[in-house]
Amino acid sequence: MLRRILELPDPVLREVADPVPTVTPEVEALVDDMFATMHANLGIGLAAPQVGELLRLVVIELPPNEKDPQAGMRYVLINPELRRLGERESMSEGCLSLPGFRAMVERAHTATVTYTGLDGRSARLDAHGLLAQALQHEIDHLNGVLFVDHLDSLDELEQIPPDGLEWVPAPAEEDADQEDT
Ligand SMILES: [Zn+2]
């Protein structure tokens with residue numbers, strides 16, 4: 001089922017979400033809804049508070065990229081915790097809750113996250129690049145933080161066309177080279 005994505009300035013987006021106590025059929029159904037809603041809106045990540053559920057639950061699926069084995073995989077992270085962050089760099093970023101805008105945001109290039117999987121087991125994910133960026137962005141949502149909070153000024157927001165993808169990463173250098181040839 002498609003869910004409505006809350007947009008700024010909806011106050012629910014500013015709340016701190018509660019831990020998911022156990023993986024229930026309701027949680028599994030919410031995960032299905034979140035993937036469907038994310039795909040319908042051309043997103044690569046979605047946090048439960050964005051569909052009005054104040055739970056610490058995140059889904060991520062990067063577009064397939066044969067050079068990146070972490071791309072194209074479906075990640076479901078329940079109660080995720082950022083454990084370790086690498087060096088920071090400036091990355092282009094947008095949000096389905098703030099459609100039509102993007103900005104350069106400082107994010108760690110690598111991130112280690114622990115979480116509970118849909119199978120109820122504890123797991124750990126070592127991420128880099130776009131996946132690390134998405135993890136930081138989505139876990140921020142669980143704490144009521146939006147990417148604009150990382151900007152010095154809202155003047156840094158860049159408007160993108162209404163039909164543009166919300167969450168388009170800058171192409172990796174290798175990919176850019178490939179497209180040029
Ligand atoms: Zn977002």
# chains A, B, ... in the order shown; residues from 1 in each chain; ligands from 1
$ residues_near_ligand --ligand "ligand 1" --cutoff "7 Å" --atoms "only C-alpha atoms and all ligand atoms" --output "list in words"
Leu46, Gly94, Cys95, Leu96, Ser97, His137, Glu138, His141 and Leu146 of chain A
$ residues_around --residues "Leu57 in chain A" --least-positions-apart "3" --cutoff "10 Å" --atoms "only C-alpha atoms" --output "count of residues only"
26
$ closest_atom_pairs --of "range 79-137 of chain A" --to "range 58-65 of chain A" --cutoff "8 Å" --atoms "only C-alpha atoms" --output "JSON lines"
{"residue": "A:Pro80", "atom": "CA", "partner": "A:Val58", "partner_atom": "CA", "distance": 7.9}
{"residue": "A:Leu130", "atom": "CA", "partner": "A:Leu62", "partner_atom": "CA", "distance": 7.9}
{"residue": "A:Leu131", "atom": "CA", "partner": "A:Leu62", "partner_atom": "CA", "distance": 7.3}
{"residue": "A:Ala134", "atom": "CA", "partner": "A:Ile60", "partner_atom": "CA", "distance": 7.3}
{"residue": "A:Leu135", "atom": "CA", "partner": "A:Ile60", "partner_atom": "CA", "distance": 7.9}
$ write_last_selection --atoms "C-alpha atoms" --output "short mmCIF file (atom, residue, chain, number, x, y, z; two decimals), in the first residue's frame"
data_model
loop_
_atom_site.label_atom_id
_atom_site.label_comp_id
_atom_site.auth_asym_id
_atom_site.auth_seq_id
_atom_site.Cartn_x
_atom_site.Cartn_y
_atom_site.Cartn_z
CA PRO A 80 19.76 1.24 13.66
CA LEU A 130 26.16 6.67 -1.25
CA LEU A 131 25.02 3.93 1.14
CA ALA A 134 21.82 7.39 2.91
CA LEU A 135 22.25 5.70 6.30
#
$ closest_atom_pairs --of "range 48-72 of chain A" --to "range 6-13 of chain A" --cutoff "7 Å" --atoms "only C-alpha atoms" --output "Markdown table"
| residue | atom | partner | partner_atom | distance |
| --- | --- | --- | --- | --- |
| A:Pro49 | CA | A:Leu13 | CA | 6.2 |
| A:Gln50 | CA | A:Leu6 | CA | 5.3 |
| A:Val51 | CA | A:Leu6 | CA | 5.9 |
| A:Gly52 | CA | A:Val12 | CA | 6.7 |
$ write_last_selection --atoms "C-alpha atoms" --output "mmCIF file, in the first residue's frame"
data_model
loop_
_atom_site.group_PDB
_atom_site.id
_atom_site.type_symbol
_atom_site.label_atom_id
_atom_site.label_comp_id
_atom_site.auth_asym_id
_atom_site.auth_seq_id
_atom_site.Cartn_x
_atom_site.Cartn_y
_atom_site.Cartn_z
ATOM 1 C CA PRO A 49 8.493 8.854 10.433
ATOM 2 C CA GLN A 50 8.264 10.141 6.848
ATOM 3 C CA VAL A 51 5.092 8.081 6.433
ATOM 4 C CA GLY A 52 3.790 9.111 9.844
#
$ atom_distance --atom1 "CA of Leu2 in chain A" --atom2 "CA of Ala36 in chain A"
6.1 Å
$ closest_residue --among "A:Val16, A:Met73, A:Pro25, A:Ala111" --to "Val145 in chain A" --atoms "only C-alpha atoms"
A:Val16
$ residues_around --residues "Gln133 in chain A" --least-positions-apart "3" --cutoff "8 Å" --atoms "only C-alpha atoms" --output "PyMOL selection string"
chain A and resi 91+107-110+128-130+136-137
$ closest_residue --among "A:Leu42, A:Val113, A:Asp68, A:Gly144" --to "Leu82 in chain A" --atoms "only C-alpha atoms"
A:Val113
$ residues_around --residues "Glu156 in chain A" --least-positions-apart "4" --cutoff "9 Å" --atoms "only C-alpha atoms" --output "ChimeraX atom specification"
/A:102-104,148,151-152
$ select_by_dssp --residues "chain A" --states "strand (DSSP E)" --output "PyMOL selection string"
chain A and resi 45-47+57-61+74-85+88-94+101-108+110-116+122-128+158-159
$ write_last_selection --atoms "C-alpha atoms" --output "mmCIF file, in the first residue's frame"
data_model
loop_
_atom_site.group_PDB
_atom_site.id
_atom_site.type_symbol
_atom_site.label_atom_id
_atom_site.label_comp_id
_atom_site.auth_asym_id
_atom_site.auth_seq_id
_atom_site.Cartn_x
_atom_site.Cartn_y
_atom_site.Cartn_z
ATOM 1 C CA GLY A 45 15.814 5.658 1.225
ATOM 2 C CA LEU A 46 12.856 6.214 3.507
ATOM 3 C CA ALA A 47 12.429 6.413 7.267
ATOM 4 C CA LEU A 57 12.827 1.780 11.051
ATOM 5 C CA VAL A 58 14.612 2.616 7.794
ATOM 6 C CA VAL A 59 14.582 1.124 4.311
ATOM 7 C CA ILE A 60 17.241 1.798 1.676
ATOM 8 C CA GLU A 61 17.693 0.543 -1.872
ATOM 9 C CA ARG A 74 17.262 -4.003 -0.173
ATOM 10 C CA TYR A 75 18.264 -2.911 3.298
ATOM 11 C CA VAL A 76 15.784 -2.997 6.173
ATOM 12 C CA LEU A 77 17.252 -1.559 9.360
ATOM 13 C CA ILE A 78 15.299 -1.799 12.597
ATOM 14 C CA ASN A 79 16.579 0.260 15.543
ATOM 15 C CA PRO A 80 19.758 1.239 13.661
ATOM 16 C CA GLU A 81 22.646 2.820 15.545
ATOM 17 C CA LEU A 82 25.549 4.630 13.938
ATOM 18 C CA ARG A 83 28.684 3.146 15.484
ATOM 19 C CA ARG A 84 31.578 4.588 13.551
ATOM 20 C CA LEU A 85 31.904 7.386 11.055
ATOM 21 C CA ARG A 88 33.618 13.755 6.094
ATOM 22 C CA GLU A 89 33.089 15.045 2.606
ATOM 23 C CA SER A 90 30.561 17.211 0.844
ATOM 24 C CA MET A 91 27.812 15.244 -0.903
ATOM 25 C CA SER A 92 24.759 16.305 -2.924
ATOM 26 C CA GLU A 93 21.572 15.419 -1.101
ATOM 27 C CA GLY A 94 17.797 15.777 -1.221
ATOM 28 C CA PHE A 101 15.323 20.972 -3.336
ATOM 29 C CA ARG A 102 18.806 19.662 -2.834
ATOM 30 C CA ALA A 103 22.034 20.883 -1.326
ATOM 31 C CA MET A 104 25.600 19.897 -0.631
ATOM 32 C CA VAL A 105 25.790 18.308 2.823
ATOM 33 C CA GLU A 106 28.822 17.224 4.842
ATOM 34 C CA ARG A 107 28.602 13.495 5.485
ATOM 35 C CA ALA A 108 31.011 10.813 6.565
ATOM 36 C CA THR A 110 32.131 5.566 5.574
ATOM 37 C CA ALA A 111 29.722 4.499 8.289
ATOM 38 C CA THR A 112 29.256 1.410 10.433
ATOM 39 C CA VAL A 113 25.726 0.705 11.627
ATOM 40 C CA THR A 114 24.349 -1.963 13.934
ATOM 41 C CA TYR A 115 20.677 -2.836 13.666
ATOM 42 C CA THR A 116 18.070 -5.570 13.921
ATOM 43 C CA SER A 122 21.298 -8.334 15.249
ATOM 44 C CA ALA A 123 23.424 -7.331 12.302
ATOM 45 C CA ARG A 124 26.164 -4.932 11.342
ATOM 46 C CA LEU A 125 26.672 -3.037 8.113
ATOM 47 C CA ASP A 126 29.887 -1.383 6.957
ATOM 48 C CA ALA A 127 28.896 1.138 4.323
ATOM 49 C CA HIS A 128 30.723 3.561 2.095
ATOM 50 C CA GLU A 158 19.224 24.519 -4.836
ATOM 51 C CA GLN A 159 15.886 24.152 -6.572
#
